[in-house]
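The file upload.cif comes next; it holds mmCIF, C-alpha atoms.
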```cif
data_start
#
loop_
_atom_site.group_PDB
_atom_site.id
_atom_site.type_symbol
_atom_site.label_atom_id
_atom_site.label_comp_id
_atom_site.auth_asym_id
_atom_site.auth_seq_id
_atom_site.Cartn_x
_atom_site.Cartn_y
_atom_site.Cartn_z
ATOM 1 C CA GLN A 1 111.541 -79.489 171.965
ATOM 2 C CA GLY A 2 111.183 -82.907 170.373
ATOM 3 C CA LEU A 3 111.644 -81.450 166.895
ATOM 4 C CA GLN A 4 114.736 -79.571 168.041
ATOM 5 C CA GLU A 5 116.250 -82.745 169.496
ATOM 6 C CA LEU A 6 115.674 -84.490 166.178
ATOM 7 C CA GLY A 7 117.198 -81.615 164.250
ATOM 8 C CA ARG A 8 113.928 -80.964 162.448
ATOM 9 C CA ALA A 9 112.540 -77.588 161.478
ATOM 10 C CA ARG A 10 109.952 -76.227 163.850
ATOM 11 C CA PRO A 11 106.783 -75.130 162.038
ATOM 12 C CA ALA A 12 105.006 -71.893 162.794
ATOM 13 C CA ILE A 13 102.143 -72.504 165.191
ATOM 14 C CA ARG A 14 99.405 -70.096 166.177
ATOM 15 C CA VAL A 15 97.522 -70.760 169.414
ATOM 16 C CA VAL A 16 94.206 -69.037 170.125
ATOM 17 C CA PHE A 17 92.379 -69.143 173.465
ATOM 18 C CA ASN A 18 88.718 -68.265 173.067
ATOM 19 C CA SER A 19 86.626 -67.327 176.109
ATOM 20 C CA ASP A 20 83.198 -67.015 174.496
ATOM 21 C CA GLU A 21 82.818 -70.082 172.256
ATOM 22 C CA GLU A 22 79.951 -71.633 174.212
ATOM 23 C CA PRO A 23 77.407 -68.849 173.471
ATOM 24 C CA GLY A 24 78.493 -68.765 169.808
ATOM 25 C CA SER A 25 81.678 -66.651 169.951
ATOM 26 C CA PRO A 26 79.764 -63.346 169.677
ATOM 27 C CA THR A 27 82.839 -61.142 170.241
ATOM 28 C CA SER A 28 85.530 -63.316 168.666
ATOM 29 C CA ARG A 29 84.026 -64.952 165.593
ATOM 30 C CA HIS A 30 84.823 -62.056 163.249
ATOM 31 C CA PHE A 31 88.537 -62.618 163.931
ATOM 32 C CA TRP A 32 88.588 -66.197 162.609
ATOM 33 C CA PRO A 33 88.898 -65.391 158.879
ATOM 34 C CA GLU A 34 91.971 -63.260 159.572
ATOM 35 C CA TRP A 35 93.539 -65.760 161.973
ATOM 36 C CA SER A 36 93.049 -68.732 159.653
ATOM 37 C CA LYS A 37 93.667 -67.347 156.161
ATOM 38 C CA ASP A 38 97.331 -68.434 156.010
ATOM 39 C CA VAL A 39 97.200 -71.779 157.839
ATOM 40 C CA ARG A 40 97.629 -75.255 156.370
ATOM 41 C CA ALA A 41 95.681 -77.059 159.067
ATOM 42 C CA ALA A 42 93.668 -76.203 162.157
ATOM 43 C CA PHE A 43 92.984 -78.233 165.280
ATOM 44 C CA VAL A 44 90.098 -77.213 167.510
ATOM 45 C CA PHE A 45 90.346 -78.754 170.965
ATOM 46 C CA GLU A 46 86.719 -79.722 171.429
ATOM 47 C CA PRO A 47 85.852 -83.136 172.929
ATOM 48 C CA THR A 48 85.911 -86.259 170.776
ATOM 49 C CA THR A 49 82.863 -88.340 169.904
ATOM 50 C CA PRO A 50 81.569 -90.483 172.814
ATOM 51 C CA ASP A 51 83.583 -93.468 171.553
ATOM 52 C CA GLY A 52 86.802 -91.455 171.345
ATOM 53 C CA CYS A 53 86.956 -90.691 167.622
ATOM 54 C CA LEU A 54 88.534 -87.460 166.420
ATOM 55 C CA VAL A 55 85.951 -85.175 164.817
ATOM 56 C CA THR A 56 86.398 -84.404 161.112
ATOM 57 C CA SER A 57 82.945 -82.987 160.381
ATOM 58 C CA ARG A 58 80.296 -81.148 162.360
ATOM 59 C CA LYS A 59 76.731 -80.181 161.656
ATOM 60 C CA GLY A 60 75.833 -76.609 160.892
ATOM 61 C CA VAL A 61 73.453 -74.991 163.352
ATOM 62 C CA GLY A 62 70.883 -72.268 163.034
ATOM 63 C CA VAL A 63 68.449 -70.590 165.403
ATOM 64 C CA TRP A 64 65.274 -69.330 163.801
ATOM 65 C CA THR A 65 62.141 -67.645 165.128
ATOM 66 C CA LEU A 66 58.674 -67.813 163.608
ATOM 67 C CA THR A 67 56.539 -64.889 164.804
ATOM 68 C CA VAL A 68 52.811 -64.825 164.087
ATOM 69 C CA ARG A 69 50.618 -61.760 164.381
ATOM 70 C CA GLY A 70 46.916 -62.557 164.585
ATOM 71 C CA ARG A 71 43.801 -60.630 165.589
ATOM 72 C CA ALA A 72 42.524 -60.447 169.146
ATOM 73 C CA ALA A 73 38.860 -60.988 170.009
ATOM 74 C CA HIS A 74 36.805 -62.003 173.032
ATOM 75 C CA ALA A 75 36.675 -65.789 173.025
ATOM 76 C CA GLY A 76 33.199 -65.909 174.548
ATOM 77 C CA VAL A 77 31.452 -62.972 172.902
ATOM 78 C CA GLU A 78 32.833 -62.748 169.361
ATOM 79 C CA PRO A 79 35.456 -65.433 168.669
ATOM 80 C CA GLU A 80 34.652 -65.314 164.950
ATOM 81 C CA LYS A 81 36.211 -61.853 164.783
ATOM 82 C CA GLY A 82 39.568 -63.167 165.952
ATOM 83 C CA ALA A 83 42.442 -64.875 164.151
ATOM 84 C CA SER A 84 44.411 -67.124 166.472
ATOM 85 C CA ALA A 85 48.157 -66.704 166.305
ATOM 86 C CA ILE A 86 48.538 -69.758 168.543
ATOM 87 C CA ARG A 87 46.565 -71.951 166.175
ATOM 88 C CA GLN A 88 48.720 -70.736 163.283
ATOM 89 C CA ILE A 89 51.973 -71.315 165.167
ATOM 90 C CA ALA A 90 50.815 -74.840 166.026
ATOM 91 C CA GLN A 91 50.327 -75.598 162.340
ATOM 92 C CA HIS A 92 53.689 -74.065 161.532
ATOM 93 C CA VAL A 93 55.343 -76.348 164.074
ATOM 94 C CA GLN A 94 53.988 -79.414 162.319
ATOM 95 C CA SER A 95 55.179 -78.118 158.955
ATOM 96 C CA VAL A 96 58.617 -77.178 160.286
ATOM 97 C CA GLU A 97 59.182 -80.569 161.875
ATOM 98 C CA SER A 98 58.378 -82.246 158.562
ATOM 99 C CA LEU A 99 61.505 -80.579 157.131
ATOM 100 C CA ALA A 100 63.693 -82.784 159.341
ATOM 101 C CA CYS A 101 65.370 -85.722 157.593
ATOM 102 C CA ALA A 102 66.698 -88.544 159.755
ATOM 103 C CA GLU A 103 68.354 -90.231 156.780
ATOM 104 C CA ARG A 104 70.486 -87.152 156.098
ATOM 105 C CA GLY A 105 70.991 -86.274 159.761
ATOM 106 C CA THR A 106 68.969 -83.052 159.649
ATOM 107 C CA THR A 107 67.231 -82.347 162.957
ATOM 108 C CA ILE A 108 64.752 -79.659 163.935
ATOM 109 C CA ASN A 109 63.822 -78.927 167.521
ATOM 110 C CA VAL A 110 61.067 -76.492 168.457
ATOM 111 C CA GLY A 111 62.523 -75.600 171.826
ATOM 112 C CA VAL A 112 60.440 -72.568 172.841
ATOM 113 C CA ILE A 113 56.836 -71.490 172.188
ATOM 114 C CA ARG A 114 55.264 -68.317 173.538
ATOM 115 C CA GLY A 115 51.889 -66.760 172.838
ATOM 116 C CA GLY A 116 48.585 -65.322 173.942
ATOM 117 C CA SER A 117 47.627 -63.047 176.798
ATOM 118 C CA PHE A 118 44.535 -64.391 178.611
ATOM 119 C CA PRO A 119 42.478 -67.607 178.313
ATOM 120 C CA TYR A 120 39.409 -65.643 177.221
ATOM 121 C CA VAL A 121 41.193 -63.766 174.403
ATOM 122 C CA VAL A 122 41.856 -65.175 170.931
ATOM 123 C CA ALA A 123 45.635 -64.974 170.750
ATOM 124 C CA GLU A 124 46.971 -61.970 168.882
ATOM 125 C CA HIS A 125 50.633 -62.993 169.087
ATOM 126 C CA ALA A 126 52.675 -66.196 169.164
ATOM 127 C CA GLU A 127 56.211 -67.293 168.366
ATOM 128 C CA ALA A 128 58.266 -70.450 168.118
ATOM 129 C CA VAL A 129 62.057 -70.656 168.422
ATOM 130 C CA LEU A 130 63.773 -73.440 166.471
ATOM 131 C CA ASP A 131 67.153 -75.129 166.684
ATOM 132 C CA ILE A 132 68.114 -76.641 163.313
ATOM 133 C CA ARG A 133 71.130 -78.880 162.609
ATOM 134 C CA VAL A 134 72.217 -79.786 159.079
ATOM 135 C CA PRO A 135 75.036 -82.050 157.840
ATOM 136 C CA ASP A 136 75.963 -80.119 154.690
ATOM 137 C CA LEU A 137 75.277 -76.995 152.664
ATOM 138 C CA ASP A 138 72.766 -78.746 150.384
ATOM 139 C CA GLU A 139 70.586 -79.577 153.376
ATOM 140 C CA GLN A 140 71.033 -76.069 154.738
ATOM 141 C CA ALA A 141 69.726 -74.606 151.466
ATOM 142 C CA ARG A 142 66.793 -77.062 151.371
ATOM 143 C CA VAL A 143 65.709 -76.211 154.920
ATOM 144 C CA GLU A 144 66.044 -72.476 154.325
ATOM 145 C CA ARG A 145 63.808 -72.748 151.253
ATOM 146 C CA GLY A 146 61.259 -74.699 153.277
ATOM 147 C CA LEU A 147 61.214 -72.129 156.073
ATOM 148 C CA GLN A 148 60.751 -69.252 153.630
ATOM 149 C CA GLU A 149 57.919 -71.061 151.875
ATOM 150 C CA LEU A 150 55.913 -71.967 154.961
ATOM 151 C CA SER A 151 56.301 -68.503 156.512
ATOM 152 C CA SER A 152 55.015 -66.845 153.344
ATOM 153 C CA LYS A 153 51.852 -68.977 153.177
ATOM 154 C CA PRO A 154 49.733 -68.649 156.336
ATOM 155 C CA THR A 155 46.989 -71.249 156.675
ATOM 156 C CA ILE A 156 44.845 -69.260 159.135
ATOM 157 C CA SER A 157 43.085 -66.295 157.556
ATOM 158 C CA GLY A 158 43.880 -63.007 159.263
ATOM 159 C CA THR A 159 47.347 -64.019 160.463
ATOM 160 C CA GLU A 160 50.750 -62.910 159.266
ATOM 161 C CA THR A 161 54.006 -64.788 159.828
ATOM 162 C CA THR A 162 57.521 -63.315 160.051
ATOM 163 C CA LEU A 163 60.664 -65.455 159.849
ATOM 164 C CA SER A 164 63.936 -64.321 161.426
ATOM 165 C CA GLY A 165 67.238 -65.972 162.238
ATOM 166 C CA SER A 166 70.112 -67.612 160.406
ATOM 167 C CA PHE A 167 72.519 -70.508 160.280
ATOM 168 C CA HIS A 168 75.123 -68.882 162.498
ATOM 169 C CA ARG A 169 77.457 -71.870 162.146
ATOM 170 C CA PRO A 170 77.800 -73.433 158.670
ATOM 171 C CA PRO A 171 78.425 -77.179 158.402
ATOM 172 C CA MET A 172 82.036 -78.230 158.872
ATOM 173 C CA GLU A 173 82.430 -80.480 155.855
ATOM 174 C CA PRO A 174 85.618 -82.324 154.858
ATOM 175 C CA LEU A 175 87.912 -80.263 152.610
ATOM 176 C CA PRO A 176 90.302 -81.510 149.898
ATOM 177 C CA GLY A 177 93.153 -81.648 152.427
ATOM 178 C CA THR A 178 91.176 -83.429 155.154
ATOM 179 C CA GLU A 179 92.040 -86.960 154.023
ATOM 180 C CA SER A 180 95.755 -86.102 153.848
ATOM 181 C CA LEU A 181 95.616 -84.716 157.375
ATOM 182 C CA ILE A 182 93.833 -87.867 158.582
ATOM 183 C CA ASP A 183 96.573 -90.026 157.056
ATOM 184 C CA LEU A 184 99.235 -87.888 158.741
ATOM 185 C CA ILE A 185 97.547 -88.178 162.148
ATOM 186 C CA ARG A 186 97.230 -91.956 161.801
ATOM 187 C CA HIS A 187 100.896 -92.277 160.865
ATOM 188 C CA ALA A 188 102.007 -90.007 163.719
ATOM 189 C CA ALA A 189 99.998 -92.034 166.251
ATOM 190 C CA THR A 190 101.201 -95.469 165.164
ATOM 191 C CA SER A 191 104.810 -94.307 164.791
ATOM 192 C CA VAL A 192 104.996 -93.607 168.541
ATOM 193 C CA GLY A 193 103.134 -96.743 169.555
ATOM 194 C CA LEU A 194 99.670 -95.295 170.032
ATOM 195 C CA LYS A 195 96.484 -96.956 168.850
ATOM 196 C CA GLU A 196 95.373 -95.734 165.437
ATOM 197 C CA PRO A 197 92.666 -93.129 166.095
ATOM 198 C CA GLY A 198 89.177 -93.296 164.654
ATOM 199 C CA PHE A 199 87.412 -90.392 162.962
ATOM 200 C CA GLY A 200 83.766 -89.365 163.030
ATOM 201 C CA ARG A 201 81.080 -86.679 162.976
ATOM 202 C CA LYS A 202 79.388 -84.685 165.768
ATOM 203 C CA GLY A 203 76.090 -82.871 165.780
ATOM 204 C CA GLY A 204 77.376 -80.092 168.038
ATOM 205 C CA ALA A 205 78.930 -77.050 166.385
ATOM 206 C CA SER A 206 82.087 -75.220 167.415
ATOM 207 C CA ASP A 207 84.515 -72.594 166.128
ATOM 208 C CA ALA A 208 85.780 -75.334 163.820
ATOM 209 C CA ASN A 209 82.671 -74.733 161.729
#
```
Would you kindly transcribe this structure into structure tokens?
Amino acid sequence: QGLQELGRARPAIRVVFNSDEEPGSPTSRHFWPEWSKDVRAAFVFEPTTPDGCLVTSRKGVGVWTLTVRGRAAHAGVEPEKGASAIRQIAQHVQSVESLACAERGTTINVGVIRGGSFPYVVAEHAEAVLDIRVPDLDEQARVERGLQELSSKPTISGTETTLSGSFHRPPMEPLPGTESLIDLIRHAATSVGLKEPGFGRKGGASDAN
């Protein structure tokens, strides 16, 4: 309406309401390439940073699972015949966490561990589920290489490790047009008497990624 009152052309705008973003957009994500292929700019109405800055970059996120298959044995009678999957997964956890890089903003959280059957049985099975956040594609590639390497080299004889998962949201990095869009937003805000907005990064992913 404001553009019409000013006699300005009204641009084409596409509005998308997404009902399943929180669990990762499992039923809608495959539509995004089609919906966005002809747009000049996209605004995703996620919250700002805690201090009110508009978000211009987001970390990529991946969920990965390390599954270890060991060899069961009676822990009291013949423990030497076993190969503990729990012991191997514990060593993997230490190696995985060493891939984090605070300076780059790469975080790794081992959020779930499962394993074993009974206290008196050397654990035949164990798994760890990881949440990994990366700031850019270079860090994503580095972490993926690290995961592949550690999963292919078990340190406990008699165990075998399988790696599964992916980075289901790539990093949202600034594009060539990002700075121009930032300048436009700043100008639009100040031209109507609003405070010039700040811009920042968030660790949480969204459909913007």
Picked residues, the PyMOL selection byres ((chain A and resi 63) around 6), as a list in words
Gly62, Trp64, Leu130, Asp131 and Gly165 of chain A
Write the residues of the selection above to a file with C-alpha atoms, as a PDB file, in the frame of the given file.
```pdb
ATOM      1  CA  GLY A  62      70.883 -72.268 163.034  1.00  0.00           C
ATOM      2  CA  TRP A  64      65.274 -69.330 163.801  1.00  0.00           C
ATOM      3  CA  LEU A 130      63.773 -73.440 166.471  1.00  0.00           C
ATOM      4  CA  ASP A 131      67.153 -75.129 166.684  1.00  0.00           C
ATOM      5  CA  GLY A 165      67.238 -65.972 162.238  1.00  0.00           C
TER       6      GLY A 165
END
```
Atom pair CA of Met172 (chain A) + CA of Gly60 (chain A), distance 6.7 Å
note - CA of Ile113 (chain A) and CA of Ala141 (chain A) are separated by 24.6 Å
Q) Which residues, written as a PyMOL selection string, have at least one atom at most 12 Å from Val77 (chain A), with only C-alpha atoms counted and residues fewer than 3 positions away on the same chain left out? A) chain A and resi 72-74+80-82+120-122
So that all listed atoms of region 167-178 of chain A fit with 6 Å spare on each side, what axis-aligned box centre and edge lengths in Å, to one decimal, would you give as AutoDock Vina command-line options?
```
--center_x 82.8 --center_y -76.2 --center_z 156.2 --size_x 32.6 --size_y 26.5 --size_z 24.6
```
Please return as a list in words every residue within 6 Å of (72.5, -72.7, 164.2), taking into account all atoms listed in the file and the file's own coordinates.
Val61, Gly62, Val63, Ile132, Phe167, His168 and Arg169 of chain A
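Proximity to Ala41 (chain A) was assessed for A:Arg69, A:Arg14, A:Lys59, A:Arg8 counting all atoms listed in the file; the smallest distance is recorded for A:Arg14.
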When the PyMOL selection byres ((chain A and resi 30-35) around 10) is applied to the file above, which residues end up in the set, as a PDB file with C-alpha atoms, keeping the file's coordinate frame?
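Writing done, so here's expr.pdb:
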```pdb
ATOM      1  CA  ARG A  14      99.405 -70.096 166.177  1.00  0.00           C
ATOM      2  CA  VAL A  15      97.522 -70.760 169.414  1.00  0.00           C
ATOM      3  CA  VAL A  16      94.206 -69.037 170.125  1.00  0.00           C
ATOM      4  CA  SER A  25      81.678 -66.651 169.951  1.00  0.00           C
ATOM      5  CA  PRO A  26      79.764 -63.346 169.677  1.00  0.00           C
ATOM      6  CA  THR A  27      82.839 -61.142 170.241  1.00  0.00           C
ATOM      7  CA  SER A  28      85.530 -63.316 168.666  1.00  0.00           C
ATOM      8  CA  ARG A  29      84.026 -64.952 165.593  1.00  0.00           C
ATOM      9  CA  SER A  36      93.049 -68.732 159.653  1.00  0.00           C
ATOM     10  CA  LYS A  37      93.667 -67.347 156.161  1.00  0.00           C
ATOM     11  CA  ASP A  38      97.331 -68.434 156.010  1.00  0.00           C
ATOM     12  CA  VAL A  39      97.200 -71.779 157.839  1.00  0.00           C
ATOM     13  CA  ASP A 207      84.515 -72.594 166.128  1.00  0.00           C
ATOM     14  CA  ALA A 208      85.780 -75.334 163.820  1.00  0.00           C
TER      15      ALA A 208
END
```
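Taking CA of Asp183 (chain A) and CA of Gly204 (chain A) as the two end points, the separation is 24.2 Å.
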Shortest contact to Pro197 (chain A), candidates A:Ala75, A:Leu54, A:Leu3, A:Ile86, atoms counted all atoms listed in the file, goes to A:Leu54
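Ranking A:Cys101, A:Val96, A:Ala126, A:Val112 by their shortest atom-to-atom distance to Glu160 (chain A), with only C-alpha atoms included, puts A:Ala126 first.
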Could you state which residues are captured by the PyMOL selection byres ((chain A and resi 174) around 10) in this file, as a ChimeraX atom specification? /A:56-58,136,171-173,175-179
Find the spatial neighbours of region 83-85 of chain A, counting all atoms listed in the file, within a cut-off of 8 Å - ignore same-chain residues fewer than 6 positions away - and output them as an mmCIF file with C-alpha atoms, in the frame of the given file.
```cif
data_model
loop_
_atom_site.group_PDB
_atom_site.id
_atom_site.type_symbol
_atom_site.label_atom_id
_atom_site.label_comp_id
_atom_site.auth_asym_id
_atom_site.auth_seq_id
_atom_site.Cartn_x
_atom_site.Cartn_y
_atom_site.Cartn_z
ATOM 1 C CA VAL A 68 52.811 -64.825 164.087
ATOM 2 C CA ARG A 69 50.618 -61.760 164.381
ATOM 3 C CA GLY A 70 46.916 -62.557 164.585
ATOM 4 C CA ARG A 71 43.801 -60.630 165.589
ATOM 5 C CA ALA A 72 42.524 -60.447 169.146
ATOM 6 C CA ALA A 73 38.860 -60.988 170.009
ATOM 7 C CA GLY A 115 51.889 -66.760 172.838
ATOM 8 C CA GLY A 116 48.585 -65.322 173.942
ATOM 9 C CA VAL A 122 41.856 -65.175 170.931
ATOM 10 C CA ALA A 123 45.635 -64.974 170.750
ATOM 11 C CA GLU A 124 46.971 -61.970 168.882
ATOM 12 C CA HIS A 125 50.633 -62.993 169.087
ATOM 13 C CA ALA A 126 52.675 -66.196 169.164
ATOM 14 C CA ILE A 156 44.845 -69.260 159.135
ATOM 15 C CA SER A 157 43.085 -66.295 157.556
ATOM 16 C CA GLY A 158 43.880 -63.007 159.263
ATOM 17 C CA THR A 159 47.347 -64.019 160.463
#
```
Using all atoms listed in the file, determine which residues lie at most 12 Å from Ala100 (chain A), disregarding the query and same-chain residues fewer than 5 positions distant; provide the list as a PyMOL selection string. chain A and resi 93-95+105-110+130-135+139-140+142-144+146-147
Write the residues of the preceding selection, restricted to C-alpha atoms, as a PDB file, in the coordinates of the input.
```pdb
ATOM      1  CA  VAL A  93      55.343 -76.348 164.074  1.00  0.00           C
ATOM      2  CA  GLN A  94      53.988 -79.414 162.319  1.00  0.00           C
ATOM      3  CA  SER A  95      55.179 -78.118 158.955  1.00  0.00           C
ATOM      4  CA  GLY A 105      70.991 -86.274 159.761  1.00  0.00           C
ATOM      5  CA  THR A 106      68.969 -83.052 159.649  1.00  0.00           C
ATOM      6  CA  THR A 107      67.231 -82.347 162.957  1.00  0.00           C
ATOM      7  CA  ILE A 108      64.752 -79.659 163.935  1.00  0.00           C
ATOM      8  CA  ASN A 109      63.822 -78.927 167.521  1.00  0.00           C
ATOM      9  CA  VAL A 110      61.067 -76.492 168.457  1.00  0.00           C
ATOM     10  CA  LEU A 130      63.773 -73.440 166.471  1.00  0.00           C
ATOM     11  CA  ASP A 131      67.153 -75.129 166.684  1.00  0.00           C
ATOM     12  CA  ILE A 132      68.114 -76.641 163.313  1.00  0.00           C
ATOM     13  CA  ARG A 133      71.130 -78.880 162.609  1.00  0.00           C
ATOM     14  CA  VAL A 134      72.217 -79.786 159.079  1.00  0.00           C
ATOM     15  CA  PRO A 135      75.036 -82.050 157.840  1.00  0.00           C
ATOM     16  CA  GLU A 139      70.586 -79.577 153.376  1.00  0.00           C
ATOM     17  CA  GLN A 140      71.033 -76.069 154.738  1.00  0.00           C
ATOM     18  CA  ARG A 142      66.793 -77.062 151.371  1.00  0.00           C
ATOM     19  CA  VAL A 143      65.709 -76.211 154.920  1.00  0.00           C
ATOM     20  CA  GLU A 144      66.044 -72.476 154.325  1.00  0.00           C
ATOM     21  CA  GLY A 146      61.259 -74.699 153.277  1.00  0.00           C
ATOM     22  CA  LEU A 147      61.214 -72.129 156.073  1.00  0.00           C
TER      23      LEU A 147
END
```
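When all atoms listed in the file are used to compute distances to Glu149 (chain A), the closest of the residues A:Pro11, A:Thr162, A:Leu194, A:Ile185 turns out to be A:Thr162.
Shortest separation to Thr155 (chain A) among A:Arg114, A:His187, A:Arg87, A:Lys195 occurs at residue A:Arg87, atoms counted being only C-alpha atoms.
Distance check against Leu163 (chain A) using only C-alpha atoms: of A:Ser191, A:Gln88, A:Thr67, A:Asn209, the minimum falls on A:Thr67.
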